[in-house]
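As provided, query-v4.txt (compact mmCIF, C-alpha atoms) reads as follows.
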# COMPACT_ATOMS: atom_id res chain seq x y z
CA MET A 1 83.31 -39.69 10.64
CA ALA A 2 85.73 -38.59 7.93
CA ASP A 3 86.47 -42.22 7.02
CA LEU A 4 82.76 -43.07 6.91
CA GLU A 5 82.13 -40.08 4.64
CA ARG A 6 85.01 -41.15 2.40
CA PHE A 7 83.56 -44.67 2.29
CA ARG A 8 80.22 -43.17 1.21
CA GLU A 9 81.99 -41.19 -1.54
CA LEU A 10 83.85 -44.27 -2.79
CA LEU A 11 80.64 -46.29 -2.76
CA ALA A 12 78.88 -43.64 -4.85
CA GLU A 13 81.82 -43.42 -7.28
CA TRP A 14 82.16 -47.17 -7.77
CA ASN A 15 78.40 -47.71 -7.81
CA GLY A 16 78.19 -45.68 -11.00
CA ARG A 17 80.49 -48.21 -12.68
CA MET A 18 79.37 -51.53 -11.26
CA ASN A 19 76.00 -51.29 -9.47
CA LEU A 20 77.08 -52.32 -5.96
CA VAL A 21 73.90 -51.09 -4.27
CA GLY A 22 70.48 -49.93 -5.37
CA PRO A 23 69.78 -46.21 -5.90
CA SER A 24 67.99 -45.81 -2.57
CA ALA A 25 70.98 -47.26 -0.65
CA LEU A 26 73.12 -44.20 -1.26
CA ALA A 27 70.35 -41.89 -0.08
CA GLU A 28 69.90 -44.02 3.06
CA PHE A 29 73.63 -44.52 3.69
CA TRP A 30 73.88 -43.02 7.18
CA LEU A 31 70.89 -44.51 8.99
CA ARG A 32 70.01 -47.63 7.05
CA HIS A 33 73.53 -48.82 6.29
CA ALA A 34 76.27 -47.16 8.37
CA TYR A 35 74.34 -46.99 11.65
CA ASP A 36 72.79 -50.41 11.06
CA SER A 37 76.29 -51.86 10.70
CA ALA A 38 77.85 -49.86 13.54
CA GLN A 39 75.36 -51.10 16.12
CA LEU A 40 77.05 -54.51 16.05
CA LEU A 41 80.07 -53.15 17.94
CA GLY A 42 77.92 -52.78 21.04
CA PHE A 43 77.41 -56.55 21.13
CA ALA A 44 81.13 -57.40 21.16
CA PRO A 45 83.26 -54.34 21.94
CA ALA A 46 86.33 -56.39 22.92
CA ALA A 47 86.30 -58.75 19.90
CA LYS A 48 89.49 -58.55 17.86
CA THR A 49 88.84 -60.73 14.82
CA TRP A 50 85.68 -60.24 12.80
CA ALA A 51 84.58 -61.94 9.58
CA ASP A 52 81.81 -60.67 7.31
CA LEU A 53 80.36 -63.33 5.01
CA GLY A 54 78.86 -61.96 1.81
CA ALA A 55 80.53 -58.61 2.43
CA GLY A 56 79.02 -57.12 -0.74
CA ALA A 57 79.32 -53.34 -0.68
CA GLY A 58 80.89 -53.38 2.78
CA PHE A 59 77.99 -53.57 5.19
CA PRO A 60 78.67 -54.31 7.97
CA GLY A 61 82.34 -55.27 7.48
CA VAL A 62 83.84 -52.02 6.16
CA VAL A 63 81.93 -49.94 8.70
CA LEU A 64 83.20 -52.17 11.51
CA ALA A 65 86.77 -51.92 10.19
CA ILE A 66 86.51 -48.12 10.11
CA LEU A 67 85.21 -47.97 13.67
CA ARG A 68 87.87 -50.42 14.93
CA LYS A 69 90.69 -48.96 12.83
CA ASP A 70 92.90 -47.84 15.71
CA GLN A 71 91.93 -50.58 18.19
CA GLY A 72 93.88 -53.48 16.73
CA GLY A 73 92.46 -56.64 15.28
CA MET A 74 91.29 -57.60 11.81
CA VAL A 75 88.10 -57.72 9.76
CA HIS A 76 87.91 -60.42 7.09
CA LEU A 77 85.65 -59.47 4.17
CA VAL A 78 84.44 -62.51 2.25
CA ASP A 79 82.60 -62.22 -1.05
CA SER A 80 82.09 -64.50 -4.04
CA LEU A 81 82.11 -61.78 -6.73
CA LEU A 82 85.49 -60.54 -7.88
CA LYS A 83 84.18 -57.06 -8.76
CA ARG A 84 82.97 -56.54 -5.20
CA CYS A 85 86.31 -57.81 -3.87
CA ARG A 86 88.08 -55.23 -6.03
CA PHE A 87 85.87 -52.52 -4.60
CA LEU A 88 86.43 -53.70 -1.02
CA SER A 89 90.19 -53.85 -1.59
CA ALA A 90 90.20 -50.32 -3.03
CA VAL A 91 88.25 -49.00 -0.03
CA ALA A 92 90.57 -50.80 2.41
CA GLU A 93 93.64 -49.37 0.68
CA ASP A 94 92.23 -45.83 0.43
CA LEU A 95 91.23 -45.76 4.11
CA VAL A 96 94.16 -47.88 5.37
CA LEU A 97 91.79 -50.32 7.06
CA PRO A 98 92.70 -53.45 9.04
CA VAL A 99 91.01 -55.83 6.61
CA GLU A 100 91.77 -58.84 4.49
CA VAL A 101 89.56 -59.35 1.44
CA HIS A 102 88.84 -62.95 0.47
CA HIS A 103 87.41 -63.85 -2.93
CA ALA A 104 85.49 -66.94 -1.84
CA ARG A 105 82.02 -68.33 -1.43
CA GLY A 106 80.61 -68.26 2.08
CA GLU A 107 80.13 -72.01 2.17
CA THR A 108 83.79 -72.70 1.33
CA TRP A 109 85.57 -70.03 3.39
CA LYS A 110 86.63 -71.36 6.77
CA ARG A 111 88.94 -69.72 9.25
CA LYS A 112 89.81 -70.49 12.84
CA GLY A 113 90.32 -67.73 15.35
CA VAL A 114 87.30 -65.64 14.37
CA ASP A 115 85.66 -64.00 17.38
CA ILE A 116 82.59 -62.57 15.62
CA LEU A 117 80.98 -63.68 12.37
CA THR A 118 78.61 -61.26 10.67
CA ALA A 119 76.29 -61.39 7.69
CA ARG A 120 73.67 -59.04 6.35
CA ALA A 121 71.18 -60.09 3.67
CA LEU A 122 73.34 -63.06 2.65
CA ALA A 123 70.90 -65.94 3.04
CA PRO A 124 67.96 -67.15 5.10
CA LEU A 125 69.13 -68.48 8.48
CA PRO A 126 68.98 -72.23 7.69
CA ARG A 127 71.38 -71.76 4.75
CA LEU A 128 73.47 -69.12 6.55
CA LEU A 129 74.14 -71.60 9.36
CA ILE A 130 75.62 -74.05 6.85
CA TYR A 131 78.11 -71.35 5.79
CA ALA A 132 78.77 -70.28 9.38
CA GLU A 133 79.00 -73.75 10.92
CA PRO A 134 82.81 -74.18 10.87
CA MET A 135 83.48 -70.84 12.55
CA LEU A 136 80.61 -71.05 15.03
CA LYS A 137 81.67 -74.58 16.05
CA ALA A 138 85.23 -73.26 16.52
CA GLY A 139 83.94 -70.72 19.06
CA ALA A 140 82.87 -67.68 17.06
CA THR A 141 79.64 -65.88 17.89
CA GLY A 142 77.31 -64.92 15.06
CA LEU A 143 75.89 -61.40 14.84
CA PHE A 144 73.44 -61.42 11.98
CA LEU A 145 71.39 -58.44 10.84
CA LYS A 146 67.95 -59.83 10.03
CA GLY A 147 64.60 -58.47 8.92
CA ARG A 148 61.01 -58.94 9.95
CA ASP A 149 60.97 -62.63 8.95
CA VAL A 150 63.58 -63.63 11.53
CA GLU A 151 61.11 -65.58 13.70
CA ALA A 152 60.10 -67.74 10.73
CA GLU A 153 63.78 -68.22 9.88
CA LEU A 154 64.51 -69.30 13.47
CA THR A 155 61.64 -71.80 13.38
CA GLU A 156 62.87 -73.25 10.09
CA ALA A 157 66.51 -73.38 11.31
CA ARG A 158 65.53 -75.29 14.45
CA LYS A 159 64.42 -78.20 12.26
CA SER A 160 68.09 -78.92 11.46
CA TRP A 161 70.07 -77.11 14.15
CA THR A 162 70.28 -76.52 17.86
CA PHE A 163 71.74 -73.25 19.09
CA ARG A 164 71.47 -70.55 21.69
CA HIS A 165 70.50 -67.06 20.65
CA ASP A 166 69.36 -63.61 21.65
CA LEU A 167 67.19 -61.42 19.47
CA THR A 168 67.46 -57.65 19.89
CA PRO A 169 65.52 -54.92 18.07
CA SER A 170 67.63 -53.03 15.56
CA LEU A 171 68.53 -49.45 16.45
CA SER A 172 68.23 -48.40 12.81
CA ASP A 173 65.14 -50.19 11.51
CA PRO A 174 61.91 -50.80 13.45
CA GLU A 175 61.41 -54.09 11.56
CA GLY A 176 65.03 -55.21 11.84
CA ARG A 177 66.61 -57.46 14.45
CA VAL A 178 70.12 -58.33 15.52
CA LEU A 179 70.42 -62.07 15.97
CA LYS A 180 73.23 -63.10 18.30
CA LEU A 181 73.82 -66.83 17.91
CA TRP A 182 76.23 -69.32 19.52
CA SER A 183 76.57 -72.98 20.58
CA LEU A 184 75.60 -74.30 17.15
CA ALA A 185 75.14 -78.03 16.61
CA ARG A 186 73.27 -80.17 14.12
CA ALA A 187 69.94 -81.40 15.48
Translate this file's structure into structure tokens.
Amino acid sequence: MADLERFRELLAEWNGRMNLVGPSALAEFWLRHAYDSAQLLGFAPAAKTWADLGAGAGFPGVVLAILRKDQGGMVHLVDSLLKRCRFLSAVAEDLVLPVEVHHARGETWKRKGVDILTARALAPLPRLLIYAEPMLKAGATGLFLKGRDVEAELTEARKSWTFRHDLTPSLSDPEGRVLKLWSLARA
């Protein structure tokens, strides 16, 4: 809890300088952001290597790294904006987190050996699957935090992709869903 509180403090401090999140995000930190991110651990408690595409302000990647800090493994935080990468690196250093920060676009970052791939508010599912394809085809499972339009996104994605998935109601948002996705192939 102390590390999560320190993360919240760092987010507030840096947000004043570079607008990482909207004003309401800080007020909703615990339920809407920290808890929303933390619920992903329940889907893959034994996973060692996580990657968060479009890591942004650190949701879910930093929260997952905090919660897995003493359990071994690594969380890769991938973001295309250098200022966000600087923030993520500063948080990782301050909290001594098991993370690697990658300044890269989601569609160009590819890594083998990822157990779980996450993304939150990065892109609609059809585009997100393009970014995720190399890791999902290499055996990773996707855990994507999605909103109320997830059914429409699934329908659109099925026009170009085949995959298996489970859809679970979010614990933190009555309109949110956790999309667990695997066995991706082009249709």
TODO: Go ahead and compute the interatomic distance for atom CA of Ser183 of chain A and atom CA of Ala119 of chain A, in Å to one decimal.
DONE: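 One can read the atom CA of Ser183 of chain A to atom CA of Ala119 of chain A distance as 17.3 Å.
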Nearby residues (only C-alpha atoms) at most 12 Å from Ser89 of chain A, same-chain spacing under 3 positions excluded, as an mmCIF file with C-alpha atoms, in the coordinates of the input:
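The file below, part_1.cif, is the result:
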data_model
loop_
_atom_site.group_PDB
_atom_site.id
_atom_site.type_symbol
_atom_site.label_atom_id
_atom_site.label_comp_id
_atom_site.auth_asym_id
_atom_site.auth_seq_id
_atom_site.Cartn_x
_atom_site.Cartn_y
_atom_site.Cartn_z
ATOM 1 C CA PHE A 7 83.560 -44.670 2.290
ATOM 2 C CA LEU A 10 83.850 -44.270 -2.790
ATOM 3 C CA ALA A 55 80.530 -58.610 2.430
ATOM 4 C CA GLY A 56 79.020 -57.120 -0.740
ATOM 5 C CA ALA A 57 79.320 -53.340 -0.680
ATOM 6 C CA GLY A 58 80.890 -53.380 2.780
ATOM 7 C CA VAL A 62 83.840 -52.020 6.160
ATOM 8 C CA HIS A 76 87.910 -60.420 7.090
ATOM 9 C CA LEU A 77 85.650 -59.470 4.170
ATOM 10 C CA VAL A 78 84.440 -62.510 2.250
ATOM 11 C CA ASP A 79 82.600 -62.220 -1.050
ATOM 12 C CA LEU A 82 85.490 -60.540 -7.880
ATOM 13 C CA LYS A 83 84.180 -57.060 -8.760
ATOM 14 C CA ARG A 84 82.970 -56.540 -5.200
ATOM 15 C CA CYS A 85 86.310 -57.810 -3.870
ATOM 16 C CA ARG A 86 88.080 -55.230 -6.030
ATOM 17 C CA ALA A 92 90.570 -50.800 2.410
ATOM 18 C CA GLU A 93 93.640 -49.370 0.680
ATOM 19 C CA ASP A 94 92.230 -45.830 0.430
ATOM 20 C CA LEU A 95 91.230 -45.760 4.110
ATOM 21 C CA VAL A 96 94.160 -47.880 5.370
ATOM 22 C CA LEU A 97 91.790 -50.320 7.060
ATOM 23 C CA PRO A 98 92.700 -53.450 9.040
ATOM 24 C CA VAL A 99 91.010 -55.830 6.610
ATOM 25 C CA GLU A 100 91.770 -58.840 4.490
ATOM 26 C CA VAL A 101 89.560 -59.350 1.440
ATOM 27 C CA HIS A 102 88.840 -62.950 0.470
ATOM 28 C CA HIS A 103 87.410 -63.850 -2.930
#
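Shortest atom-to-atom contact with Tyr131 of chain A among A:Pro174, A:Gly106, A:Gly147, A:Pro169: A:Gly106, counting all atoms listed in the file.
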TODO: Name the closest residue to Arg177 of chain A among the candidates A:Met135, A:Leu145, A:Leu40, A:Ala152; distances are taken between atoms, counting all atoms listed in the file.
DONE: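 Closest to Arg177 of chain A, using all atoms listed in the file: A:Leu145.
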- [ ] Using only C-alpha atoms, find the one residue out of A:Ala132, A:Leu81, A:Leu11, A:Leu122 that sits nearest to Thr108 of chain A.
- [x]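 Residue with the minimum atom-to-atom distance to Thr108 of chain A: A:Ala132.
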Open item on the list: I'd like to know which of A:Leu143, A:Phe59, A:Arg6, A:Ala185 is closest to Ala90 of chain A, using all atoms listed in the file.
Closed with: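 Under the stated criterion, the closest residue is A:Arg6.
Our summary of the geometry notes that atom CA of Asp3 of chain A is positioned 17.7 Å from atom CA of Gly73 of chain A.
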Just write segment 79-179 of chain A with C-alpha atoms, as a CSV table (one decimal), in the first residue's frame, taken from the block above.
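Output (result.csv):
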chain,number,residue,atom,x,y,z
A,79,ASP,CA,5.0,3.9,-24.6
A,80,SER,CA,5.6,6.1,-27.6
A,81,LEU,CA,6.0,9.4,-25.8
A,82,LEU,CA,9.4,10.1,-24.3
A,83,LYS,CA,8.0,12.3,-21.5
A,84,ARG,CA,5.8,9.4,-20.3
A,85,CYS,CA,8.8,7.1,-20.5
A,86,ARG,CA,10.8,9.5,-18.3
A,87,PHE,CA,8.0,9.5,-15.8
A,88,LEU,CA,7.7,5.7,-15.8
A,89,SER,CA,11.5,5.4,-15.4
A,90,ALA,CA,11.4,7.8,-12.5
A,91,VAL,CA,8.6,5.9,-10.7
A,92,ALA,CA,10.4,2.6,-11.3
A,93,GLU,CA,13.6,4.0,-9.9
A,94,ASP,CA,11.9,5.6,-6.9
A,95,LEU,CA,10.0,2.4,-6.0
A,96,VAL,CA,12.7,0.0,-7.1
A,97,LEU,CA,10.3,-1.8,-9.4
A,98,PRO,CA,11.0,-4.8,-11.6
A,99,VAL,CA,10.3,-3.0,-14.8
A,100,GLU,CA,12.0,-2.1,-18.1
A,101,VAL,CA,10.7,1.0,-19.8
A,102,HIS,CA,10.7,0.9,-23.7
A,103,HIS,CA,10.3,4.1,-25.7
A,104,ALA,CA,8.6,2.5,-28.7
A,105,ARG,CA,5.3,2.5,-30.5
A,106,GLY,CA,3.0,-0.5,-29.8
A,107,GLU,CA,3.0,-1.6,-33.4
A,108,THR,CA,6.8,-1.8,-33.6
A,109,TRP,CA,7.6,-3.3,-30.1
A,110,LYS,CA,7.9,-7.1,-30.3
A,111,ARG,CA,9.3,-9.3,-27.6
A,112,LYS,CA,9.3,-13.1,-27.2
A,113,GLY,CA,8.8,-14.7,-23.8
A,114,VAL,CA,5.9,-12.4,-22.7
A,115,ASP,CA,3.3,-14.4,-20.6
A,116,ILE,CA,0.7,-11.6,-20.3
A,117,LEU,CA,0.1,-8.6,-22.6
A,118,THR,CA,-2.0,-5.8,-21.2
A,119,ALA,CA,-3.4,-2.6,-22.6
A,120,ARG,CA,-5.8,0.0,-21.3
A,121,ALA,CA,-7.4,2.7,-23.5
A,122,LEU,CA,-4.7,2.2,-26.1
A,123,ALA,CA,-6.8,1.5,-29.2
A,124,PRO,CA,-10.0,-0.2,-30.3
A,125,LEU,CA,-9.6,-4.0,-30.4
A,126,PRO,CA,-9.1,-4.4,-34.2
A,127,ARG,CA,-6.1,-2.0,-34.1
A,128,LEU,CA,-4.9,-3.3,-30.7
A,129,LEU,CA,-4.7,-6.8,-32.2
A,130,ILE,CA,-2.3,-5.6,-34.9
A,131,TYR,CA,0.0,-4.3,-32.2
A,132,ALA,CA,-0.4,-7.4,-30.0
A,133,GLU,CA,-0.2,-10.0,-32.8
A,134,PRO,CA,3.5,-10.9,-32.5
A,135,MET,CA,3.3,-11.6,-28.8
A,136,LEU,CA,0.0,-13.3,-28.9
A,137,LYS,CA,1.1,-15.6,-31.7
A,138,ALA,CA,4.3,-16.4,-29.6
A,139,GLY,CA,2.1,-17.6,-26.8
A,140,ALA,CA,1.2,-14.6,-24.7
A,141,THR,CA,-2.3,-14.1,-23.4
A,142,GLY,CA,-3.9,-10.7,-23.7
A,143,LEU,CA,-5.6,-9.1,-20.7
A,144,PHE,CA,-7.2,-5.9,-22.0
A,145,LEU,CA,-9.3,-3.5,-19.9
A,146,LYS,CA,-12.2,-2.5,-22.1
A,147,GLY,CA,-15.3,-0.3,-21.7
A,148,ARG,CA,-18.9,-0.6,-22.6
A,149,ASP,CA,-18.2,-0.8,-26.4
A,150,VAL,CA,-16.3,-4.1,-26.1
A,151,GLU,CA,-19.0,-6.2,-27.8
A,152,ALA,CA,-18.9,-3.9,-30.8
A,153,GLU,CA,-15.1,-4.1,-30.8
A,154,LEU,CA,-15.3,-7.9,-30.7
A,155,THR,CA,-17.7,-8.0,-33.6
A,156,GLU,CA,-15.5,-5.6,-35.7
A,157,ALA,CA,-12.3,-7.6,-34.8
A,158,ARG,CA,-13.8,-10.9,-35.9
A,159,LYS,CA,-14.0,-9.5,-39.4
A,160,SER,CA,-10.2,-9.8,-39.6
A,161,TRP,CA,-9.2,-12.1,-36.8
A,162,THR,CA,-10.0,-15.4,-35.2
A,163,PHE,CA,-9.3,-15.8,-31.5
A,164,ARG,CA,-10.6,-17.4,-28.3
A,165,HIS,CA,-11.7,-15.1,-25.5
A,166,ASP,CA,-13.4,-14.7,-22.2
A,167,LEU,CA,-15.2,-11.5,-21.1
A,168,THR,CA,-15.5,-10.8,-17.4
A,169,PRO,CA,-17.2,-7.8,-15.7
A,170,SER,CA,-14.7,-5.4,-14.2
A,171,LEU,CA,-14.5,-5.3,-10.4
A,172,SER,CA,-14.0,-1.5,-10.5
A,173,ASP,CA,-16.4,-0.2,-13.1
A,174,PRO,CA,-19.9,-1.5,-13.8
A,175,GLU,CA,-19.5,-0.7,-17.5
A,176,GLY,CA,-16.0,-2.1,-17.8
A,177,ARG,CA,-14.9,-5.5,-18.9
A,178,VAL,CA,-11.7,-7.5,-18.7
A,179,LEU,CA,-11.1,-9.2,-22.1
